[in-house]
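Shown here: final14.pdb, PDB, C-alpha atoms and all ligand atoms.
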```
ATOM      1  CA  MET A  13     161.453 165.330 102.499  1.00  0.00           C
ATOM      2  CA  SER A  14     158.473 164.656 100.304  1.00  0.00           C
ATOM      3  CA  THR A  15     155.292 163.391 101.857  1.00  0.00           C
ATOM      4  CA  VAL A  16     153.999 161.967  98.584  1.00  0.00           C
ATOM      5  CA  LYS A  17     152.313 158.633  99.153  1.00  0.00           C
ATOM      6  CA  ALA A  18     154.654 156.621  97.002  1.00  0.00           C
ATOM      7  CA  THR A  19     153.392 153.445  98.621  1.00  0.00           C
ATOM      8  CA  ALA A  20     149.958 153.686  97.037  1.00  0.00           C
ATOM      9  CA  LYS A  21     149.669 150.700  94.710  1.00  0.00           C
ATOM     10  CA  ALA A  22     153.406 150.148  94.832  1.00  0.00           C
ATOM     11  CA  GLN A  23     154.290 146.789  93.354  1.00  0.00           C
ATOM     12  CA  ILE A  24     156.341 144.629  95.699  1.00  0.00           C
ATOM     13  CA  LEU A  25     158.106 141.482  94.585  1.00  0.00           C
ATOM     14  CA  ILE A  26     158.872 139.057  97.402  1.00  0.00           C
ATOM     15  CA  VAL A  27     161.634 136.531  96.810  1.00  0.00           C
ATOM     16  CA  GLU A  28     161.327 133.975  99.568  1.00  0.00           C
ATOM     17  CA  ASP A  29     161.380 130.182  99.549  1.00  0.00           C
ATOM     18  CA  GLU A  30     159.640 129.709 102.895  1.00  0.00           C
ATOM     19  CA  PRO A  31     155.889 129.845 102.127  1.00  0.00           C
ATOM     20  CA  GLU A  32     154.835 130.916 105.607  1.00  0.00           C
ATOM     21  CA  ILE A  33     157.150 133.909 105.682  1.00  0.00           C
ATOM     22  CA  ALA A  34     156.220 134.838 102.132  1.00  0.00           C
ATOM     23  CA  GLU A  35     152.525 134.740 103.019  1.00  0.00           C
ATOM     24  CA  LEU A  36     153.088 136.843 106.097  1.00  0.00           C
ATOM     25  CA  ILE A  37     154.885 139.547 104.106  1.00  0.00           C
ATOM     26  CA  GLU A  38     152.322 139.400 101.311  1.00  0.00           C
ATOM     27  CA  PHE A  39     149.453 139.731 103.756  1.00  0.00           C
ATOM     28  CA  HIS A  40     150.892 142.775 105.482  1.00  0.00           C
ATOM     29  CA  ALA A  41     152.045 144.413 102.257  1.00  0.00           C
ATOM     30  CA  GLU A  42     148.570 144.129 100.782  1.00  0.00           C
ATOM     31  CA  ARG A  43     146.984 145.400 103.945  1.00  0.00           C
ATOM     32  CA  ALA A  44     149.334 148.394 103.681  1.00  0.00           C
ATOM     33  CA  GLY A  45     147.963 149.116 100.202  1.00  0.00           C
ATOM     34  CA  MET A  46     150.764 147.586  98.161  1.00  0.00           C
ATOM     35  CA  ARG A  47     150.438 144.957  95.462  1.00  0.00           C
ATOM     36  CA  ALA A  48     152.541 141.978  96.439  1.00  0.00           C
ATOM     37  CA  ARG A  49     153.644 138.894  94.574  1.00  0.00           C
ATOM     38  CA  THR A  50     155.920 136.085  95.698  1.00  0.00           C
ATOM     39  CA  ILE A  51     158.511 134.155  93.737  1.00  0.00           C
ATOM     40  CA  HIS A  52     159.880 131.103  95.527  1.00  0.00           C
ATOM     41  CA  SER A  53     162.976 130.537  93.414  1.00  0.00           C
ATOM     42  CA  GLY A  54     165.933 132.839  92.967  1.00  0.00           C
ATOM     43  CA  ARG A  55     166.529 131.817  89.383  1.00  0.00           C
ATOM     44  CA  LEU A  56     162.972 132.591  88.374  1.00  0.00           C
ATOM     45  CA  ALA A  57     163.064 135.815  90.398  1.00  0.00           C
ATOM     46  CA  LEU A  58     165.819 137.316  88.253  1.00  0.00           C
ATOM     47  CA  GLU A  59     163.743 136.709  85.154  1.00  0.00           C
ATOM     48  CA  VAL A  60     160.587 138.184  86.662  1.00  0.00           C
ATOM     49  CA  MET A  61     162.407 141.253  88.028  1.00  0.00           C
ATOM     50  CA  ARG A  62     163.837 142.098  84.631  1.00  0.00           C
ATOM     51  CA  ARG A  63     160.484 141.670  82.971  1.00  0.00           C
ATOM     52  CA  GLU A  64     158.191 143.329  85.507  1.00  0.00           C
ATOM     53  CA  LYS A  65     160.459 145.943  87.114  1.00  0.00           C
ATOM     54  CA  PRO A  66     158.692 146.060  90.488  1.00  0.00           C
ATOM     55  CA  ASP A  67     158.880 149.162  92.683  1.00  0.00           C
ATOM     56  CA  LEU A  68     160.608 147.262  95.441  1.00  0.00           C
ATOM     57  CA  ILE A  69     162.081 143.821  96.043  1.00  0.00           C
ATOM     58  CA  VAL A  70     161.962 142.009  99.372  1.00  0.00           C
ATOM     59  CA  LEU A  71     164.814 139.570  99.015  1.00  0.00           C
ATOM     60  CA  ASP A  72     165.522 136.578 101.234  1.00  0.00           C
ATOM     61  CA  LEU A  73     169.277 136.005 101.204  1.00  0.00           C
ATOM     62  CA  MET A  74     169.011 132.264 101.909  1.00  0.00           C
ATOM     63  CA  LEU A  75     167.512 130.726  98.802  1.00  0.00           C
ATOM     64  CA  PRO A  76     168.015 127.111  97.733  1.00  0.00           C
ATOM     65  CA  ASP A  77     169.047 127.766  94.136  1.00  0.00           C
ATOM     66  CA  VAL A  78     170.686 131.181  93.727  1.00  0.00           C
ATOM     67  CA  ASP A  79     172.407 133.060  96.537  1.00  0.00           C
ATOM     68  CA  GLY A  80     170.446 136.169  97.484  1.00  0.00           C
ATOM     69  CA  LEU A  81     173.631 138.250  97.394  1.00  0.00           C
ATOM     70  CA  GLU A  82     174.213 137.073  93.842  1.00  0.00           C
ATOM     71  CA  ILE A  83     170.723 138.268  92.892  1.00  0.00           C
ATOM     72  CA  CYS A  84     171.476 141.583  94.550  1.00  0.00           C
ATOM     73  CA  ARG A  85     174.757 141.887  92.653  1.00  0.00           C
ATOM     74  CA  ARG A  86     173.169 141.118  89.274  1.00  0.00           C
ATOM     75  CA  LEU A  87     170.296 143.535  89.817  1.00  0.00           C
ATOM     76  CA  LYS A  88     172.572 146.369  90.837  1.00  0.00           C
ATOM     77  CA  GLN A  89     174.973 145.671  87.949  1.00  0.00           C
ATOM     78  CA  SER A  90     172.322 145.799  85.286  1.00  0.00           C
ATOM     79  CA  GLU A  91     171.382 149.218  83.932  1.00  0.00           C
ATOM     80  CA  ASP A  92     167.633 148.561  83.753  1.00  0.00           C
ATOM     81  CA  THR A  93     167.193 147.031  87.221  1.00  0.00           C
ATOM     82  CA  ARG A  94     169.760 149.059  89.166  1.00  0.00           C
ATOM     83  CA  SER A  95     167.260 151.587  90.470  1.00  0.00           C
ATOM     84  CA  ILE A  96     164.872 149.022  91.983  1.00  0.00           C
ATOM     85  CA  PRO A  97     165.337 149.223  95.750  1.00  0.00           C
ATOM     86  CA  ILE A  98     166.060 146.007  97.627  1.00  0.00           C
ATOM     87  CA  VAL A  99     165.170 145.223 101.233  1.00  0.00           C
ATOM     88  CA  MET A 100     167.003 142.094 102.355  1.00  0.00           C
ATOM     89  CA  VAL A 101     165.603 139.495 104.724  1.00  0.00           C
ATOM     90  CA  THR A 102     168.327 137.685 106.622  1.00  0.00           C
ATOM     91  CA  ALA A 103     168.733 135.260 109.468  1.00  0.00           C
ATOM     92  CA  LYS A 104     170.277 136.275 112.747  1.00  0.00           C
ATOM     93  CA  GLY A 105     174.057 136.178 112.829  1.00  0.00           C
ATOM     94  CA  GLU A 106     174.471 137.006 109.165  1.00  0.00           C
ATOM     95  CA  GLU A 107     175.969 140.433 109.689  1.00  0.00           C
ATOM     96  CA  ALA A 108     178.659 139.764 107.089  1.00  0.00           C
ATOM     97  CA  ASP A 109     175.956 139.142 104.474  1.00  0.00           C
ATOM     98  CA  ILE A 110     174.107 142.291 105.478  1.00  0.00           C
ATOM     99  CA  VAL A 111     177.292 144.336 105.118  1.00  0.00           C
ATOM    100  CA  ALA A 112     178.005 142.731 101.737  1.00  0.00           C
ATOM    101  CA  GLY A 113     174.440 143.374 100.556  1.00  0.00           C
ATOM    102  CA  ILE A 114     174.454 147.014 101.567  1.00  0.00           C
ATOM    103  CA  GLU A 115     177.788 147.526  99.874  1.00  0.00           C
ATOM    104  CA  LEU A 116     176.330 145.941  96.741  1.00  0.00           C
ATOM    105  CA  GLY A 117     173.579 148.560  96.858  1.00  0.00           C
ATOM    106  CA  ALA A 118     170.713 147.018  98.844  1.00  0.00           C
ATOM    107  CA  GLU A 119     168.753 149.764 100.591  1.00  0.00           C
ATOM    108  CA  ASP A 120     167.804 148.130 103.870  1.00  0.00           C
ATOM    109  CA  TYR A 121     167.236 144.816 105.637  1.00  0.00           C
ATOM    110  CA  VAL A 122     165.317 143.062 108.368  1.00  0.00           C
ATOM    111  CA  THR A 123     166.475 140.101 110.429  1.00  0.00           C
ATOM    112  CA  LYS A 124     164.322 137.009 110.984  1.00  0.00           C
ATOM    113  CA  PRO A 125     162.250 136.758 113.038  1.00  0.00           C
ATOM    114  CA  PHE A 126     161.043 140.246 112.177  1.00  0.00           C
ATOM    115  CA  SER A 127     158.009 142.187 113.238  1.00  0.00           C
ATOM    116  CA  PRO A 128     155.697 142.810 110.257  1.00  0.00           C
ATOM    117  CA  ARG A 129     155.198 146.344 111.518  1.00  0.00           C
ATOM    118  CA  VAL A 130     158.925 147.059 111.394  1.00  0.00           C
ATOM    119  CA  LEU A 131     159.215 145.519 107.942  1.00  0.00           C
ATOM    120  CA  MET A 132     156.302 147.613 106.621  1.00  0.00           C
ATOM    121  CA  ALA A 133     157.827 150.783 108.076  1.00  0.00           C
ATOM    122  CA  ARG A 134     161.096 149.956 106.295  1.00  0.00           C
ATOM    123  CA  LEU A 135     159.318 149.289 103.003  1.00  0.00           C
ATOM    124  CA  ARG A 136     157.364 152.534 103.230  1.00  0.00           C
ATOM    125  CA  ASN A 137     160.527 154.496 104.010  1.00  0.00           C
ATOM    126  CA  VAL A 138     162.415 152.980 101.113  1.00  0.00           C
ATOM    127  CA  LEU A 139     159.522 153.575  98.710  1.00  0.00           C
ATOM    128  CA  ARG A 140     159.140 157.141  99.870  1.00  0.00           C
ATOM    129  CA  ARG A 141     162.823 157.835  99.370  1.00  0.00           C
ATOM    130  CA  HIS A 142     162.756 156.292  95.927  1.00  0.00           C
ATOM    131  CA  GLY A 143     159.955 158.538  94.795  1.00  0.00           C
ATOM    132  CA  PRO A 144     160.146 160.806  91.752  1.00  0.00           C
ATOM    133  CA  VAL A 145     163.661 162.014  90.976  1.00  0.00           C
ATOM    134  CA  GLU A 146     162.706 165.670  91.322  1.00  0.00           C
ATOM    135  CA  ASP A 147     162.027 165.053  95.007  1.00  0.00           C
ATOM    136  CA  VAL A 148     165.702 164.405  95.611  1.00  0.00           C
ATOM    137  CA  PRO A 149     167.861 167.513  95.664  1.00  0.00           C
ATOM    138  CA  GLU A 150     170.870 167.352  93.324  1.00  0.00           C
ATOM    139  CA  ARG A 151     173.160 168.536  96.067  1.00  0.00           C
ATOM    140  CA  ALA A 152     172.252 168.496  99.675  1.00  0.00           C
ATOM    141  CA  ASP A 153     173.951 171.783 100.524  1.00  0.00           C
ATOM    142  CA  ARG A 154     171.928 172.491 103.592  1.00  0.00           C
ATOM    143  CA  LEU A 155     170.221 169.724 105.509  1.00  0.00           C
ATOM    144  CA  VAL A 156     167.567 170.667 108.023  1.00  0.00           C
ATOM    145  CA  LEU A 157     166.793 167.664 110.200  1.00  0.00           C
ATOM    146  CA  LEU A 158     165.071 166.510 113.369  1.00  0.00           C
ATOM    147  CA  GLY A 159     162.345 169.089 112.992  1.00  0.00           C
ATOM    148  CA  GLY A 160     164.891 171.894 112.577  1.00  0.00           C
ATOM    149  CA  LYS A 161     166.918 171.050 115.659  1.00  0.00           C
ATOM    150  CA  LEU A 162     169.853 169.983 113.521  1.00  0.00           C
ATOM    151  CA  VAL A 163     171.209 171.948 110.559  1.00  0.00           C
ATOM    152  CA  VAL A 164     174.122 170.680 108.482  1.00  0.00           C
ATOM    153  CA  ASP A 165     175.386 173.359 106.133  1.00  0.00           C
ATOM    154  CA  LEU A 166     177.861 172.092 103.550  1.00  0.00           C
ATOM    155  CA  ASP A 167     178.787 175.471 102.053  1.00  0.00           C
ATOM    156  CA  ARG A 168     179.537 177.097 105.361  1.00  0.00           C
ATOM    157  CA  HIS A 169     180.826 173.880 106.835  1.00  0.00           C
ATOM    158  CA  GLU A 170     178.703 174.510 109.840  1.00  0.00           C
ATOM    159  CA  VAL A 171     176.545 172.410 112.111  1.00  0.00           C
ATOM    160  CA  LEU A 172     173.867 173.927 114.299  1.00  0.00           C
ATOM    161  CA  VAL A 173     172.542 171.958 117.261  1.00  0.00           C
ATOM    162  CA  ASP A 174     169.412 173.605 118.604  1.00  0.00           C
ATOM    163  CA  GLY A 175     170.572 176.845 116.986  1.00  0.00           C
ATOM    164  CA  ARG A 176     174.025 176.729 118.536  1.00  0.00           C
ATOM    165  CA  LYS A 177     177.127 176.124 116.483  1.00  0.00           C
ATOM    166  CA  ALA A 178     178.861 172.819 117.157  1.00  0.00           C
ATOM    167  CA  GLU A 179     182.623 172.660 116.656  1.00  0.00           C
ATOM    168  CA  LEU A 180     183.176 169.521 114.586  1.00  0.00           C
ATOM    169  CA  THR A 181     186.394 168.265 113.086  1.00  0.00           C
ATOM    170  CA  LEU A 182     186.506 167.731 109.323  1.00  0.00           C
ATOM    171  CA  THR A 183     186.080 163.996 109.781  1.00  0.00           C
ATOM    172  CA  GLU A 184     183.147 164.343 112.169  1.00  0.00           C
ATOM    173  CA  PHE A 185     181.506 166.775 109.795  1.00  0.00           C
ATOM    174  CA  GLY A 186     182.087 164.400 106.877  1.00  0.00           C
ATOM    175  CA  ILE A 187     180.549 161.457 108.718  1.00  0.00           C
ATOM    176  CA  LEU A 188     177.531 163.457 109.870  1.00  0.00           C
ATOM    177  CA  HIS A 189     176.897 164.915 106.424  1.00  0.00           C
ATOM    178  CA  TYR A 190     177.233 161.534 104.744  1.00  0.00           C
ATOM    179  CA  LEU A 191     174.802 159.800 107.111  1.00  0.00           C
ATOM    180  CA  ALA A 192     172.336 162.691 107.274  1.00  0.00           C
ATOM    181  CA  SER A 193     172.153 162.961 103.485  1.00  0.00           C
ATOM    182  CA  ARG A 194     170.185 159.695 103.420  1.00  0.00           C
ATOM    183  CA  PRO A 195     168.260 159.429 106.684  1.00  0.00           C
ATOM    184  CA  GLY A 196     167.196 155.926 107.541  1.00  0.00           C
ATOM    185  CA  PHE A 197     169.755 154.214 105.333  1.00  0.00           C
ATOM    186  CA  VAL A 198     172.344 152.013 106.966  1.00  0.00           C
ATOM    187  CA  ARG A 199     175.927 152.734 105.973  1.00  0.00           C
ATOM    188  CA  THR A 200     178.751 150.319 106.614  1.00  0.00           C
ATOM    189  CA  ARG A 201     182.035 151.492 108.048  1.00  0.00           C
ATOM    190  CA  ASP A 202     183.717 150.920 104.699  1.00  0.00           C
ATOM    191  CA  GLN A 203     181.141 153.088 102.955  1.00  0.00           C
ATOM    192  CA  ILE A 204     181.714 155.827 105.515  1.00  0.00           C
ATOM    193  CA  ILE A 205     185.456 155.549 105.029  1.00  0.00           C
ATOM    194  CA  ALA A 206     185.085 155.766 101.251  1.00  0.00           C
ATOM    195  CA  ALA A 207     182.826 158.822 101.523  1.00  0.00           C
ATOM    196  CA  VAL A 208     184.946 160.718 104.014  1.00  0.00           C
ATOM    197  CA  HIS A 209     188.380 159.535 102.933  1.00  0.00           C
ATOM    198  CA  GLY A 210     190.652 162.176 101.494  1.00  0.00           C
ATOM    199  CA  LYS A 211     188.807 164.994 103.181  1.00  0.00           C
ATOM    200  CA  SER A 212     190.929 164.571 106.282  1.00  0.00           C
ATOM    201  CA  THR A 213     192.946 161.794 107.847  1.00  0.00           C
ATOM    202  CA  VAL A 214     193.096 158.174 106.812  1.00  0.00           C
ATOM    203  CA  LEU A 215     190.307 156.237 108.457  1.00  0.00           C
ATOM    204  CA  SER A 216     190.054 152.647 109.565  1.00  0.00           C
ATOM    205  CA  SER A 217     186.971 150.773 110.764  1.00  0.00           C
ATOM    206  CA  ARG A 218     188.004 151.262 114.336  1.00  0.00           C
ATOM    207  CA  THR A 219     188.711 154.968 114.021  1.00  0.00           C
ATOM    208  CA  VAL A 220     185.260 155.460 112.474  1.00  0.00           C
ATOM    209  CA  ASP A 221     183.818 154.319 115.798  1.00  0.00           C
ATOM    210  CA  VAL A 222     186.053 156.750 117.683  1.00  0.00           C
ATOM    211  CA  HIS A 223     184.981 159.651 115.488  1.00  0.00           C
ATOM    212  CA  VAL A 224     181.310 158.697 115.859  1.00  0.00           C
ATOM    213  CA  THR A 225     181.663 158.694 119.634  1.00  0.00           C
ATOM    214  CA  ALA A 226     183.175 162.171 119.537  1.00  0.00           C
ATOM    215  CA  LEU A 227     180.531 163.339 117.080  1.00  0.00           C
ATOM    216  CA  ARG A 228     177.703 162.132 119.320  1.00  0.00           C
ATOM    217  CA  ARG A 229     179.167 163.980 122.265  1.00  0.00           C
ATOM    218  CA  LYS A 230     179.157 167.205 120.272  1.00  0.00           C
ATOM    219  CA  LEU A 231     175.579 166.646 119.140  1.00  0.00           C
ATOM    220  CA  GLU A 232     174.604 166.701 122.806  1.00  0.00           C
ATOM    221  CA  SER A 233     170.857 166.130 123.195  1.00  0.00           C
ATOM    222  CA  LEU A 234     170.602 165.000 119.564  1.00  0.00           C
ATOM    223  CA  ALA A 235     173.260 162.275 119.973  1.00  0.00           C
ATOM    224  CA  ASP A 236     170.746 159.471 119.421  1.00  0.00           C
ATOM    225  CA  CYS A 237     170.261 160.470 115.798  1.00  0.00           C
ATOM    226  CA  ILE A 238     173.462 158.576 114.973  1.00  0.00           C
ATOM    227  CA  GLU A 239     172.257 155.057 115.466  1.00  0.00           C
ATOM    228  CA  THR A 240     174.596 152.092 115.792  1.00  0.00           C
ATOM    229  CA  VAL A 241     173.420 149.176 113.691  1.00  0.00           C
ATOM    230  CA  ARG A 242     175.129 146.323 115.429  1.00  0.00           C
ATOM    231  CA  GLY A 243     177.518 144.334 113.277  1.00  0.00           C
ATOM    232  CA  VAL A 244     176.736 146.470 110.234  1.00  0.00           C
ATOM    233  CA  GLY A 245     177.463 150.158 110.667  1.00  0.00           C
ATOM    234  CA  TYR A 246     175.571 153.356 111.349  1.00  0.00           C
ATOM    235  CA  ARG A 247     172.447 155.135 110.268  1.00  0.00           C
ATOM    236  CA  PHE A 248     170.995 158.582 110.722  1.00  0.00           C
ATOM    237  CA  ALA A 249     167.619 158.239 112.399  1.00  0.00           C
ATOM    238  CA  ASP A 250     165.488 161.254 111.631  1.00  0.00           C
ATOM    239  CA  THR A 251     162.657 160.473 114.004  1.00  0.00           C
ATOM    240  CA  ALA A 252     160.688 163.497 112.819  1.00  0.00           C
ATOM    241  CA  ASP A 253     160.728 162.021 109.316  1.00  0.00           C
ATOM    242  CA  ASP A 254     160.577 158.318 110.000  1.00  0.00           C
ATOM    243  CA  GLY A 255     156.901 157.673 109.508  1.00  0.00           C
ATOM    244  CA  GLN A 256     157.144 154.996 112.191  1.00  0.00           C
ATOM    245  CA  GLU A 257     153.991 154.143 114.020  1.00  0.00           C
TER     246      GLU A 257
HETATM  247 CA    CA B   1     165.109 131.144 102.862  1.00  0.00          CA
END
```
Would you mind writing the file's structure down as structure tokens?
Ligand code: CA
Amino acid sequence: MSTVKATAKAQILIVEDEPEIAELIEFHAERAGMRARTIHSGRLALEVMRREKPDLIVLDLMLPDVDGLEICRRLKQSEDTRSIPIVMVTAKGEEADIVAGIELGAEDYVTKPFSPRVLMARLRNVLRRHGPVEDVPERADRLVLLGGKLVVDLDRHEVLVDGRKAELTLTEFGILHYLASRPGFVRTRDQIIAAVHGKSTVLSSRTVDVHVTALRRKLESLADCIETVRGVGYRFADTADDGQE
């Protein structure tokens, strides 16, 4: 993973109708060396995003005029704004919206009330992973993760845990490879099913959980790298690469 400081002077557009929350995000973003600007209306935000093409959008899903999910959908549908990463801000208990947003292409989210430190860590991670295209390998044939403790080899269909080969089923391998290809990104169960489907058995939301449980057991001491994101799905947490403080 690249260590390029993509966050230097990154331009953040905050779409948030509550002034206090907007100010809080702006304050911390600027302190973290980003340039931040707030738009209080969803309708206006769409216009500004198309014109200014910020590096990242912090999007409140509960806006008075346009639904945040609708903004997300339009941005991800349009060729020239599709690549702008979106971090959603949602209220507690809106798991269905989070799932919908991630399936529309949003990169991450925080739930109100959020800790500014957590939000900034998320923004930095997203910016870092959306750095120059050449940083992202075309095909992740061999993933070396968790400081080398975990190796996922697509060609050899092999997983090494602390240097020892783990015997995974096709489905477990598929889930691990899919999650580990984008560390830090939450994937919904439906996304996991779509990615792994066809490679083995037919999956349902509930069987995804069963496979994840089995996968964790086989990962032994590294089990925690498959993080449950309650009400949403799963994410691969590469703590060696997280940049968390
Ligand atoms: Ca709001």
Can I get the residues close to ligand CA 1 (chain B) as a ChimeraX atom specification, where close means within 8 Å and we count only C-alpha atoms and all ligand atoms?
-> /A:28-30,72-76
I'd like the contact shell of A:Arg55 - 9 Å cut-off, only C-alpha atoms, skipping same-chain residues fewer than 5 positions apart - returned as an mmCIF file with C-alpha atoms, keeping the file's coordinate frame.
```cif
data_model
loop_
_atom_site.group_PDB
_atom_site.id
_atom_site.type_symbol
_atom_site.label_atom_id
_atom_site.label_comp_id
_atom_site.auth_asym_id
_atom_site.auth_seq_id
_atom_site.Cartn_x
_atom_site.Cartn_y
_atom_site.Cartn_z
ATOM 1 C CA ASP A 77 169.047 127.766 94.136
ATOM 2 C CA VAL A 78 170.686 131.181 93.727
ATOM 3 C CA ILE A 83 170.723 138.268 92.892
#
```
Determine the residue set returned by the PyMOL selection byres (((chain A and resi 100) around 8) and not hetatm) for the present structure, and present it as a list in words.
->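 Going through the file, the PyMOL selection byres (((chain A and resi 100) around 8) and not hetatm) ends up selecting Val70, Leu71, Asp72, Leu73, Ile98, Val99, Val101, Thr102, Ile110, Gly113, Ala118, Asp120, Tyr121 and Val122 of chain A.
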Apply the PyMOL selection byres (((chain A and resi 117) around 8) and not hetatm) to the file shown and report the selected residues as a PyMOL selection string.
-> chain A and resi 84-85+88+98+113-116+118-119
Find the residues around A:Val156 up to 12 Å (only C-alpha atoms counted), leave out those fewer than 2 positions away in its own chain, and share them as number ranges by chain.
-> A: 13, 152-154, 158-166, 170-175, 189, 192-193, 195, 250, 252-253
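For the residues A:Arg242, A:Arg62, A:His223, A:Lys177, ranking by smallest atom-to-atom distance to A:Asp92 using all atoms listed in the file places A:Arg62 first.
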Could you jot down the atom CA of A:Leu227 to atom CA of A:Glu107 separation for me, Å, one decimal place?
->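 Value for the atom CA of A:Leu227-atom CA of A:Glu107 distance: 24.5 Å.
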Quick one: of A:Ala41, A:Ser216, A:Met46, A:Leu81, who's nearest to A:Val111, counting all atoms listed in the file?
-> A:Leu81
